[in-house]
Amino acid sequence: MKVGIVDTTFARINMGKIAIDELRKICSLPYERYTVPGIKDLPVAAKKLIEERGCDIVIALGMPGPKPIDKQCAHEASLGLIMAQLMTNKHIIEVFVHEDEAKDEKELWMITENRVREHVRNAVDLLLNPKKLQKLAGTGQRQGFPDVGPLLR
Amino acid sequence: MKVGIVDTTFARINMGKIAIDELRKICSLPYERYTVPGIKDLPVAAKKLIEERGCDIVIALGMPGPKPIDKQCAHEASLGLIMAQLMTNKHIIEVFVHEDEAKDEKELWMITENRVREHVRNAVDLLLNPKKLQKLAGTGQRQGFPDVGPLLR
Amino acid sequence: MKVGIVDTTFARINMGKIAIDELRKICSLPYERYTVPGIKDLPVAAKKLIEERGCDIVIALGMPGPKPIDKQCAHEASLGLIMAQLMTNKHIIEVFVHEDEAKDEKELWMITENRVREHVRNAVDLLLNPKKLQKLAGTGQRQGFPDVGPLLR
Amino acid sequence: MKVGIVDTTFARINMGKIAIDELRKICSLPYERYTVPGIKDLPVAAKKLIEERGCDIVIALGMPGPKPIDKQCAHEASLGLIMAQLMTNKHIIEVFVHEDEAKDEKELWMITENRVREHVRNAVDLLLNPKKLQKLAGTGQRQGFPDVGPLLR
Amino acid sequence: MKVGIVDTTFARINMGKIAIDELRKICSLPYERYTVPGIKDLPVAAKKLIEERGCDIVIALGMPGPKPIDKQCAHEASLGLIMAQLMTNKHIIEVFVHEDEAKDEKELWMITENRVREHVRNAVDLLLNPKKLQKLAGTGQRQGFPDVGPLLR
């Protein structure tokens, strides 16, 4: 089994590097990395990692800017990533960090670090340990920020 | 015949558990459960349940958060769920409960319980008893809230 | 040749019944009726009517509610209906009546009756009498409300 | 080679007639005309003209109304037309005239006449004379209104 | 290996010419140019360059106008370009310059020149030198404006 990691030169943090660091910490799965210019280049890159380089799951990393056009690009990329999954029957875990999610650069780093690492663990669990995710069903997991937790009845 | 149930760790209520409980109450159909991180992971998971695990219908459970980005994710997931159905010729019943549909946590639990259970019954009827749905055509059925009923002429 | 009719339990008027009534008045084509819970279930149901039950055209009937989420569901369903047509090379005539199109329930009934009946006639013309539609090209036909007519030069 | 022309009964100007008139003026290509009720019926009709009636290019003519729902229908139709092109590898030239583009009916006629005729010429050039379009690359061509021209450096 | 270049007559700058100039400067790859009327014609043209003329990558050049309808066309075109990539497993680098990105015509020329040239280099790197992009991962690259650079930790 192999993990694909696709990231962008547009992002302001080396998200792929964080993903690889986390992946190495938690498992010995081989990986393929593929860097593209922007988030709208992610869908086909993820599909190529699956179909041409034998990846069983892909982690798609992007950092949309704060402008309306950036939001629209993220929306288009998300639809493409969903379509790529439906065409390949493989998961592509989208990890987008919006530049305006954080109040400053320090917080943006923190969100990015956490979100990338948590989703790398999610991806590995989807591949190797799906029961672990099932135990967390409905528990209000968040990536990048603290979990909100389950609703009390 | 087999029912697929796909839910998320993002949701704040264990929607899959409610669905399974209802399914067991009303029929003896076998089921497959699949838990993914978030709602945008639902479409491919539902398709995999159909194509790789032999499900004849899938119930896709999600709880979008209250922020605009959450609404957009729900929209993207919905489009993916529709596409997955068109690619498989199988129904995928979308059961989304938006966190901001309710005025408090208690009501959110109530809506979720009702909507999940009613849609599990819809899914089973689509599979086993389609004439029952036909009798309810145009009667203003709602899931989660009371039915609004048919319009008087 | 066979006509498919797909409607919902969500609608507040039995739109399928009106469609069948009109169909019987104007032709002797056989039909298949399929009732689903909501409008987002229409696209795959229409595709199944075409591919699994041999329908040559489908009339897809829905009544979106007045809330923004209802509008979004209608948008998603419409995209799915267009995609289903492209995948089958068959027409699926979308007949949506928005609950907030009318000022009261009486008018909503009137719009629904008219729109369903007129689109059933359109569907039959597409199948049996395409030249009739060609004669009406550019004449400002409306369904549910009076025609607006052609623009004077 | 054959040109497809698809138009609607919803439009308030007989756009198909204008297209055919222009086509006859500029070339001797045979054509197929297909009239559908509304713009959301255009995508599958265009695809059928290509796949079932042998058209090499299609001109898709529509006149969306002024209401928000009309704008949304146009958006959905446009996405369908793009998808139909990708599924067939043939161009479908979208010619939409929005009712609210003009200040009065006279101007709407003028815009419609011009836009339809100019796009018929574009379609014929795409088929027979692609180098002519290449010479116009980046020259600010508009259809329906005067060209805006290239930007001065 | 061959590069496709698709541009429009709608754009107000000859973007294809700039792309070809840059391509010739940096490599000796052969290219195919294809000019279409507007941005919504780009997706199928790009797909035809890949499937019918053997291009391994395509640069899709467009200049959306400043009106809301232009923005919507750009959105639709972008979705089509993503879909075309998924259907071909080839990159199509979208290079759109919005007319209202610049404060005057001079700046619009500058943005266009820079963005086209930088994306031509990106396209060539994707084909011939993917490791170069990987070295730039997460460095805040921008095309048309100065790079924003990586976030300091």
# chains A, B, ... in the order shown; residues from 1 in each chain; ligands from 1
>>> interface_residues(of="chain C", to="chain D", cutoff="7 Å", atoms="only C-alpha atoms", output="PDB file with all heavy atoms, in the first residue's frame")
ATOM      1  N   LEU C  79     -28.836  20.061 -11.251  1.00  0.00           N
ATOM      2  CA  LEU C  79     -27.567  19.647 -11.861  1.00  0.00           C
ATOM      3  C   LEU C  79     -27.540  18.133 -12.055  1.00  0.00           C
ATOM      4  O   LEU C  79     -27.063  17.621 -13.071  1.00  0.00           O
ATOM      5  CB  LEU C  79     -26.388  20.098 -10.991  1.00  0.00           C
ATOM      6  CG  LEU C  79     -26.106  21.604 -11.010  1.00  0.00           C
ATOM      7  CD1 LEU C  79     -25.048  21.970  -9.978  1.00  0.00           C
ATOM      8  CD2 LEU C  79     -25.645  22.043 -12.402  1.00  0.00           C
ATOM      9  N   ILE C  82     -29.667  17.184 -15.066  1.00  0.00           N
ATOM     10  CA  ILE C  82     -28.976  17.459 -16.333  1.00  0.00           C
ATOM     11  C   ILE C  82     -27.924  16.377 -16.604  1.00  0.00           C
ATOM     12  O   ILE C  82     -27.806  15.867 -17.720  1.00  0.00           O
ATOM     13  CB  ILE C  82     -28.332  18.866 -16.299  1.00  0.00           C
ATOM     14  CG1 ILE C  82     -29.434  19.931 -16.370  1.00  0.00           C
ATOM     15  CG2 ILE C  82     -27.340  19.043 -17.439  1.00  0.00           C
ATOM     16  CD1 ILE C  82     -28.945  21.356 -16.143  1.00  0.00           C
ATOM     17  N   MET C  83     -27.193  16.012 -15.552  1.00  0.00           N
ATOM     18  CA  MET C  83     -26.158  14.986 -15.707  1.00  0.00           C
ATOM     19  C   MET C  83     -26.785  13.642 -16.094  1.00  0.00           C
ATOM     20  O   MET C  83     -26.247  12.920 -16.946  1.00  0.00           O
ATOM     21  CB  MET C  83     -25.394  14.865 -14.382  1.00  0.00           C
ATOM     22  CG  MET C  83     -24.094  14.140 -14.507  1.00  0.00           C
ATOM     23  SD  MET C  83     -22.915  15.072 -15.528  1.00  0.00           S
ATOM     24  CE  MET C  83     -21.844  13.725 -16.040  1.00  0.00           C
ATOM     25  N   GLN C  85     -29.430  13.146 -17.777  1.00  0.00           N
ATOM     26  CA  GLN C  85     -29.800  13.210 -19.191  1.00  0.00           C
ATOM     27  C   GLN C  85     -28.583  12.973 -20.091  1.00  0.00           C
ATOM     28  O   GLN C  85     -28.660  12.248 -21.087  1.00  0.00           O
ATOM     29  CB  GLN C  85     -30.415  14.580 -19.512  1.00  0.00           C
ATOM     30  CG  GLN C  85     -31.762  14.810 -18.858  1.00  0.00           C
ATOM     31  CD  GLN C  85     -32.275  16.223 -19.073  1.00  0.00           C
ATOM     32  OE1 GLN C  85     -32.764  16.565 -20.146  1.00  0.00           O
ATOM     33  NE2 GLN C  85     -32.141  17.076 -18.063  1.00  0.00           N
ATOM     34  N   LEU C  86     -27.465  13.610 -19.706  1.00  0.00           N
ATOM     35  CA  LEU C  86     -26.258  13.468 -20.529  1.00  0.00           C
ATOM     36  C   LEU C  86     -25.734  12.035 -20.505  1.00  0.00           C
ATOM     37  O   LEU C  86     -25.128  11.566 -21.470  1.00  0.00           O
ATOM     38  CB  LEU C  86     -25.178  14.441 -20.051  1.00  0.00           C
ATOM     39  CG  LEU C  86     -25.508  15.927 -20.224  1.00  0.00           C
ATOM     40  CD1 LEU C  86     -24.405  16.787 -19.633  1.00  0.00           C
ATOM     41  CD2 LEU C  86     -25.722  16.267 -21.694  1.00  0.00           C
ATOM     42  N   ASN C  89     -28.695  10.108 -22.719  1.00  0.00           N
ATOM     43  CA  ASN C  89     -29.202  10.668 -23.985  1.00  0.00           C
ATOM     44  C   ASN C  89     -30.730  10.645 -24.073  1.00  0.00           C
ATOM     45  O   ASN C  89     -31.298  10.487 -25.165  1.00  0.00           O
ATOM     46  CB  ASN C  89     -28.581   9.952 -25.190  1.00  0.00           C
ATOM     47  CG  ASN C  89     -27.238  10.564 -25.589  1.00  0.00           C
ATOM     48  OD1 ASN C  89     -26.716  11.432 -24.892  1.00  0.00           O
ATOM     49  ND2 ASN C  89     -26.674  10.122 -26.702  1.00  0.00           N
ATOM     50  N   LYS C  90     -31.377  10.791 -22.947  1.00  0.00           N
ATOM     51  CA  LYS C  90     -32.841  10.916 -22.918  1.00  0.00           C
ATOM     52  C   LYS C  90     -33.214  12.204 -22.186  1.00  0.00           C
ATOM     53  O   LYS C  90     -32.519  12.605 -21.242  1.00  0.00           O
ATOM     54  CB  LYS C  90     -33.466   9.739 -22.143  1.00  0.00           C
ATOM     55  CG  LYS C  90     -33.145   8.363 -22.672  1.00  0.00           C
ATOM     56  CD  LYS C  90     -33.811   8.073 -23.996  1.00  0.00           C
ATOM     57  CE  LYS C  90     -33.461   6.647 -24.462  1.00  0.00           C
ATOM     58  NZ  LYS C  90     -33.747   6.451 -25.886  1.00  0.00           N
ATOM     59  N   HIS C  91     -34.317  12.788 -22.585  1.00  0.00           N
ATOM     60  CA  HIS C  91     -34.796  13.977 -21.883  1.00  0.00           C
ATOM     61  C   HIS C  91     -35.404  13.621 -20.526  1.00  0.00           C
ATOM     62  O   HIS C  91     -36.093  12.607 -20.385  1.00  0.00           O
ATOM     63  CB  HIS C  91     -35.876  14.686 -22.712  1.00  0.00           C
ATOM     64  CG  HIS C  91     -35.332  15.510 -23.825  1.00  0.00           C
ATOM     65  ND1 HIS C  91     -34.728  16.722 -23.612  1.00  0.00           N
ATOM     66  CD2 HIS C  91     -35.288  15.296 -25.166  1.00  0.00           C
ATOM     67  CE1 HIS C  91     -34.340  17.228 -24.774  1.00  0.00           C
ATOM     68  NE2 HIS C  91     -34.658  16.377 -25.739  1.00  0.00           N
ATOM     69  N   ASN C 122     -45.410  18.896 -23.190  1.00  0.00           N
ATOM     70  CA  ASN C 122     -44.084  19.096 -23.792  1.00  0.00           C
ATOM     71  C   ASN C 122     -43.330  17.776 -23.941  1.00  0.00           C
ATOM     72  O   ASN C 122     -42.700  17.519 -24.972  1.00  0.00           O
ATOM     73  CB  ASN C 122     -43.243  20.035 -22.916  1.00  0.00           C
ATOM     74  CG  ASN C 122     -43.571  21.499 -23.140  1.00  0.00           C
ATOM     75  OD1 ASN C 122     -44.030  21.878 -24.216  1.00  0.00           O
ATOM     76  ND2 ASN C 122     -43.351  22.318 -22.124  1.00  0.00           N
ATOM     77  N   LEU C 133     -43.106  21.556 -31.287  1.00  0.00           N
ATOM     78  CA  LEU C 133     -42.300  22.451 -30.454  1.00  0.00           C
ATOM     79  C   LEU C 133     -41.536  23.447 -31.320  1.00  0.00           C
ATOM     80  O   LEU C 133     -41.382  24.613 -30.971  1.00  0.00           O
ATOM     81  CB  LEU C 133     -41.322  21.636 -29.589  1.00  0.00           C
ATOM     82  CG  LEU C 133     -41.973  20.869 -28.435  1.00  0.00           C
ATOM     83  CD1 LEU C 133     -40.989  19.879 -27.830  1.00  0.00           C
ATOM     84  CD2 LEU C 133     -42.488  21.817 -27.359  1.00  0.00           C
ATOM     85  N   GLN C 134     -41.068  22.964 -32.467  1.00  0.00           N
ATOM     86  CA  GLN C 134     -40.306  23.855 -33.342  1.00  0.00           C
ATOM     87  C   GLN C 134     -41.153  25.049 -33.795  1.00  0.00           C
ATOM     88  O   GLN C 134     -40.651  26.160 -33.915  1.00  0.00           O
ATOM     89  CB  GLN C 134     -39.801  23.057 -34.541  1.00  0.00           C
ATOM     90  CG  GLN C 134     -38.671  23.747 -35.275  1.00  0.00           C
ATOM     91  CD  GLN C 134     -37.993  22.814 -36.263  1.00  0.00           C
ATOM     92  OE1 GLN C 134     -37.521  21.737 -35.900  1.00  0.00           O
ATOM     93  NE2 GLN C 134     -37.961  23.214 -37.512  1.00  0.00           N
ATOM     94  N   LEU C 136     -43.274  26.492 -32.069  1.00  0.00           N
ATOM     95  CA  LEU C 136     -43.419  27.408 -30.928  1.00  0.00           C
ATOM     96  C   LEU C 136     -42.090  28.051 -30.526  1.00  0.00           C
ATOM     97  O   LEU C 136     -42.035  28.797 -29.539  1.00  0.00           O
ATOM     98  CB  LEU C 136     -44.002  26.650 -29.731  1.00  0.00           C
ATOM     99  CG  LEU C 136     -45.439  26.156 -29.889  1.00  0.00           C
ATOM    100  CD1 LEU C 136     -45.807  25.255 -28.719  1.00  0.00           C
ATOM    101  CD2 LEU C 136     -46.399  27.352 -29.959  1.00  0.00           C
ATOM    102  N   ALA C 137     -41.026  27.747 -31.257  1.00  0.00           N
ATOM    103  CA  ALA C 137     -39.706  28.296 -30.904  1.00  0.00           C
ATOM    104  C   ALA C 137     -39.767  29.811 -30.770  1.00  0.00           C
ATOM    105  O   ALA C 137     -40.323  30.496 -31.640  1.00  0.00           O
ATOM    106  CB  ALA C 137     -38.670  27.890 -31.951  1.00  0.00           C
ATOM    107  N   GLY C 138     -39.224  30.333 -29.696  1.00  0.00           N
ATOM    108  CA  GLY C 138     -39.114  31.775 -29.530  1.00  0.00           C
ATOM    109  C   GLY C 138     -40.423  32.497 -29.289  1.00  0.00           C
ATOM    110  O   GLY C 138     -40.515  33.705 -29.516  1.00  0.00           O
ATOM    111  N   THR C 139     -41.427  31.773 -28.806  1.00  0.00           N
ATOM    112  CA  THR C 139     -42.730  32.423 -28.597  1.00  0.00           C
ATOM    113  C   THR C 139     -43.008  32.720 -27.131  1.00  0.00           C
ATOM    114  O   THR C 139     -44.143  32.998 -26.752  1.00  0.00           O
ATOM    115  CB  THR C 139     -43.873  31.557 -29.176  1.00  0.00           C
ATOM    116  OG1 THR C 139     -43.834  30.269 -28.527  1.00  0.00           O
ATOM    117  CG2 THR C 139     -43.726  31.383 -30.672  1.00  0.00           C
ATOM    118  N   GLY C 140     -41.989  32.630 -26.294  1.00  0.00           N
ATOM    119  CA  GLY C 140     -42.168  33.010 -24.892  1.00  0.00           C
ATOM    120  C   GLY C 140     -43.145  32.129 -24.136  1.00  0.00           C
ATOM    121  O   GLY C 140     -43.939  32.622 -23.340  1.00  0.00           O
ATOM    122  N   GLN C 141     -43.082  30.834 -24.369  1.00  0.00           N
ATOM    123  CA  GLN C 141     -43.938  29.892 -23.645  1.00  0.00           C
ATOM    124  C   GLN C 141     -43.534  29.867 -22.172  1.00  0.00           C
ATOM    125  O   GLN C 141     -42.356  29.883 -21.831  1.00  0.00           O
ATOM    126  CB  GLN C 141     -43.794  28.474 -24.220  1.00  0.00           C
ATOM    127  CG  GLN C 141     -44.209  28.342 -25.666  1.00  0.00           C
ATOM    128  CD  GLN C 141     -45.693  28.575 -25.854  1.00  0.00           C
ATOM    129  OE1 GLN C 141     -46.515  27.943 -25.203  1.00  0.00           O
ATOM    130  NE2 GLN C 141     -46.047  29.517 -26.727  1.00  0.00           N
ATOM    131  N   ARG C 142     -44.520  29.840 -21.293  1.00  0.00           N
ATOM    132  CA  ARG C 142     -44.274  29.662 -19.872  1.00  0.00           C
ATOM    133  C   ARG C 142     -45.153  28.512 -19.384  1.00  0.00           C
ATOM    134  O   ARG C 142     -46.211  28.251 -19.976  1.00  0.00           O
ATOM    135  CB  ARG C 142     -44.602  30.941 -19.084  1.00  0.00           C
ATOM    136  CG  ARG C 142     -43.707  32.126 -19.419  1.00  0.00           C
ATOM    137  CD  ARG C 142     -42.243  31.886 -19.022  1.00  0.00           C
ATOM    138  NE  ARG C 142     -41.381  33.038 -19.330  1.00  0.00           N
ATOM    139  CZ  ARG C 142     -40.725  33.188 -20.487  1.00  0.00           C
ATOM    140  NH1 ARG C 142     -40.842  32.311 -21.461  1.00  0.00           N
ATOM    141  NH2 ARG C 142     -39.947  34.234 -20.669  1.00  0.00           N
ATOM    142  N   GLY C 149     -45.248  35.439 -24.350  1.00  0.00           N
ATOM    143  CA  GLY C 149     -45.344  35.746 -25.775  1.00  0.00           C
ATOM    144  C   GLY C 149     -44.049  36.247 -26.364  1.00  0.00           C
ATOM    145  O   GLY C 149     -43.098  36.554 -25.643  1.00  0.00           O
ATOM    146  N   PRO C 150     -44.033  36.333 -27.703  1.00  0.00           N
ATOM    147  CA  PRO C 150     -42.814  36.779 -28.383  1.00  0.00           C
ATOM    148  C   PRO C 150     -42.630  38.288 -28.219  1.00  0.00           C
ATOM    149  O   PRO C 150     -43.593  39.019 -27.989  1.00  0.00           O
ATOM    150  CB  PRO C 150     -43.076  36.416 -29.844  1.00  0.00           C
ATOM    151  CG  PRO C 150     -44.551  36.345 -29.976  1.00  0.00           C
ATOM    152  CD  PRO C 150     -45.118  35.991 -28.635  1.00  0.00           C
ATOM    153  N   LEU C 151     -41.409  38.732 -28.352  1.00  0.00           N
ATOM    154  CA  LEU C 151     -41.106  40.164 -28.322  1.00  0.00           C
ATOM    155  C   LEU C 151     -41.455  40.780 -29.661  1.00  0.00           C
ATOM    156  O   LEU C 151     -41.109  40.249 -30.711  1.00  0.00           O
ATOM    157  CB  LEU C 151     -39.613  40.385 -28.080  1.00  0.00           C
ATOM    158  CG  LEU C 151     -39.101  40.146 -26.676  1.00  0.00           C
ATOM    159  CD1 LEU C 151     -37.607  40.418 -26.637  1.00  0.00           C
ATOM    160  CD2 LEU C 151     -39.821  41.050 -25.678  1.00  0.00           C
ATOM    161  N   ARG C 153     -41.049  43.312 -32.618  1.00  0.00           N
ATOM    162  CA  ARG C 153     -39.825  43.869 -33.165  1.00  0.00           C
ATOM    163  C   ARG C 153     -39.971  45.371 -33.339  1.00  0.00           C
ATOM    164  O   ARG C 153     -41.030  45.871 -33.624  1.00  0.00           O
ATOM    165  CB  ARG C 153     -39.561  43.249 -34.533  1.00  0.00           C
ATOM    166  CG  ARG C 153     -38.123  43.400 -34.867  1.00  0.00           C
ATOM    167  CD  ARG C 153     -37.741  42.494 -35.969  1.00  0.00           C
ATOM    168  NE  ARG C 153     -36.297  42.545 -36.099  1.00  0.00           N
ATOM    169  CZ  ARG C 153     -35.644  41.720 -36.867  1.00  0.00           C
ATOM    170  NH1 ARG C 153     -36.285  40.767 -37.487  1.00  0.00           N
ATOM    171  NH2 ARG C 153     -34.336  41.831 -36.973  1.00  0.00           N
TER     172      ARG C 153
END
>>> residues_around(residues="Arg115 of chain D", least_positions_apart="5", cutoff="9 Å", atoms="only C-alpha atoms", output="NGL selection string")
:D and (95-97 or 110 or 120 or 142-145)
>>> select_by_dssp(residues="segment 12-116 of chain D", states="strand (DSSP E or B)", output="JSON, numbers by chain")
{"D": [31, 32, 33, 34, 35, 36, 57, 58, 59, 60, 61, 62, 92, 93, 94, 95, 96]}
>>> atom_distance(atom1="atom CA of Ile5 of chain B", atom2="atom CA of Tyr31 of chain B")
7.1 Å
>>> atom_distance(atom1="atom CA of Ala19 of chain A", atom2="atom CA of Lys71 of chain B")
26.9 Å
>>> atom_distance(atom1="atom CA of Ile93 of chain C", atom2="atom CA of Ile59 of chain C")
4.8 Å
>>> residues_around(residues="Arg121 of chain E", least_positions_apart="3", cutoff="9 Å", atoms="only C-alpha atoms", output="JSON, numbers by chain")
{"E": [22, 23, 26, 116, 117, 118, 124, 125, 126]}
>>> write_last_selection(atoms="all heavy atoms", output="mmCIF file, in the first residue's frame")
data_model
loop_
_atom_site.group_PDB
_atom_site.id
_atom_site.type_symbol
_atom_site.label_atom_id
_atom_site.label_comp_id
_atom_site.auth_asym_id
_atom_site.auth_seq_id
_atom_site.Cartn_x
_atom_site.Cartn_y
_atom_site.Cartn_z
ATOM 1 N N GLU E 22 7.198 32.758 -24.627
ATOM 2 C CA GLU E 22 7.869 32.235 -23.436
ATOM 3 C C GLU E 22 8.311 30.788 -23.643
ATOM 4 O O GLU E 22 9.416 30.391 -23.278
ATOM 5 C CB GLU E 22 6.933 32.325 -22.218
ATOM 6 C CG GLU E 22 7.561 31.902 -20.905
ATOM 7 C CD GLU E 22 8.698 32.833 -20.468
ATOM 8 O OE1 GLU E 22 8.692 34.009 -20.888
ATOM 9 O OE2 GLU E 22 9.597 32.375 -19.735
ATOM 10 N N LEU E 23 7.412 30.016 -24.253
ATOM 11 C CA LEU E 23 7.716 28.605 -24.488
ATOM 12 C C LEU E 23 8.979 28.451 -25.334
ATOM 13 O O LEU E 23 9.838 27.599 -25.062
ATOM 14 C CB LEU E 23 6.515 27.944 -25.185
ATOM 15 C CG LEU E 23 6.495 26.424 -25.234
ATOM 16 C CD1 LEU E 23 6.291 25.850 -23.831
ATOM 17 C CD2 LEU E 23 5.373 25.943 -26.157
ATOM 18 N N ILE E 26 12.259 29.103 -23.373
ATOM 19 C CA ILE E 26 12.739 28.197 -22.323
ATOM 20 C C ILE E 26 12.909 26.751 -22.738
ATOM 21 O O ILE E 26 13.503 25.970 -22.020
ATOM 22 C CB ILE E 26 11.829 28.246 -21.077
ATOM 23 C CG1 ILE E 26 10.400 27.803 -21.436
ATOM 24 C CG2 ILE E 26 11.837 29.641 -20.458
ATOM 25 C CD1 ILE E 26 9.520 27.608 -20.214
ATOM 26 N N VAL E 116 1.083 34.782 -17.536
ATOM 27 C CA VAL E 116 1.193 33.820 -18.640
ATOM 28 C C VAL E 116 2.593 33.198 -18.650
ATOM 29 O O VAL E 116 2.754 31.977 -18.707
ATOM 30 C CB VAL E 116 0.892 34.493 -19.996
ATOM 31 C CG1 VAL E 116 1.179 33.528 -21.148
ATOM 32 C CG2 VAL E 116 -0.570 34.952 -20.043
ATOM 33 N N ARG E 117 3.613 34.050 -18.558
ATOM 34 C CA ARG E 117 4.989 33.538 -18.636
ATOM 35 C C ARG E 117 5.316 32.602 -17.467
ATOM 36 O O ARG E 117 5.919 31.542 -17.657
ATOM 37 C CB ARG E 117 5.996 34.698 -18.683
ATOM 38 C CG ARG E 117 5.919 35.477 -20.003
ATOM 39 C CD ARG E 117 6.970 36.568 -20.120
ATOM 40 N NE ARG E 117 6.729 37.379 -21.308
ATOM 41 C CZ ARG E 117 7.091 37.027 -22.556
ATOM 42 N NH1 ARG E 117 7.731 35.896 -22.752
ATOM 43 N NH2 ARG E 117 6.815 37.806 -23.588
ATOM 44 N N GLU E 118 4.878 32.987 -16.278
ATOM 45 C CA GLU E 118 5.190 32.135 -15.125
ATOM 46 C C GLU E 118 4.478 30.782 -15.219
ATOM 47 O O GLU E 118 5.024 29.750 -14.841
ATOM 48 C CB GLU E 118 4.805 32.847 -13.826
ATOM 49 C CG GLU E 118 5.679 34.081 -13.582
ATOM 50 C CD GLU E 118 5.542 34.618 -12.163
ATOM 51 O OE1 GLU E 118 5.917 33.906 -11.216
ATOM 52 O OE2 GLU E 118 5.053 35.763 -12.009
ATOM 53 N N VAL E 124 5.901 23.690 -18.145
ATOM 54 C CA VAL E 124 7.088 22.983 -18.622
ATOM 55 C C VAL E 124 7.748 22.217 -17.476
ATOM 56 O O VAL E 124 8.187 21.068 -17.645
ATOM 57 C CB VAL E 124 8.070 23.973 -19.305
ATOM 58 C CG1 VAL E 124 9.403 23.296 -19.615
ATOM 59 C CG2 VAL E 124 7.436 24.513 -20.588
ATOM 60 N N ASP E 125 7.774 22.816 -16.294
ATOM 61 C CA ASP E 125 8.340 22.100 -15.133
ATOM 62 C C ASP E 125 7.512 20.859 -14.779
ATOM 63 O O ASP E 125 8.071 19.824 -14.419
ATOM 64 C CB ASP E 125 8.426 23.032 -13.917
ATOM 65 C CG ASP E 125 9.585 24.023 -14.044
ATOM 66 O OD1 ASP E 125 10.517 23.748 -14.831
ATOM 67 O OD2 ASP E 125 9.558 25.067 -13.368
ATOM 68 N N LEU E 126 6.198 20.972 -14.862
ATOM 69 C CA LEU E 126 5.358 19.798 -14.579
ATOM 70 C C LEU E 126 5.694 18.655 -15.530
ATOM 71 O O LEU E 126 5.701 17.485 -15.142
ATOM 72 C CB LEU E 126 3.871 20.153 -14.711
ATOM 73 C CG LEU E 126 3.220 20.794 -13.480
ATOM 74 C CD1 LEU E 126 1.839 21.336 -13.834
ATOM 75 C CD2 LEU E 126 3.084 19.792 -12.329
#
>>> select_by_dssp(residues="segment 40-143 of chain E", states="alpha helix (DSSP H)", output="PyMOL selection string")
chain E and resi 42-51+68-88+105-128+130-135
>>> closest_residue(among="D:Pro68, D:Pro146, D:Pro130, D:Gly54", to="Val3 of chain D", atoms="only C-alpha atoms")
D:Gly54
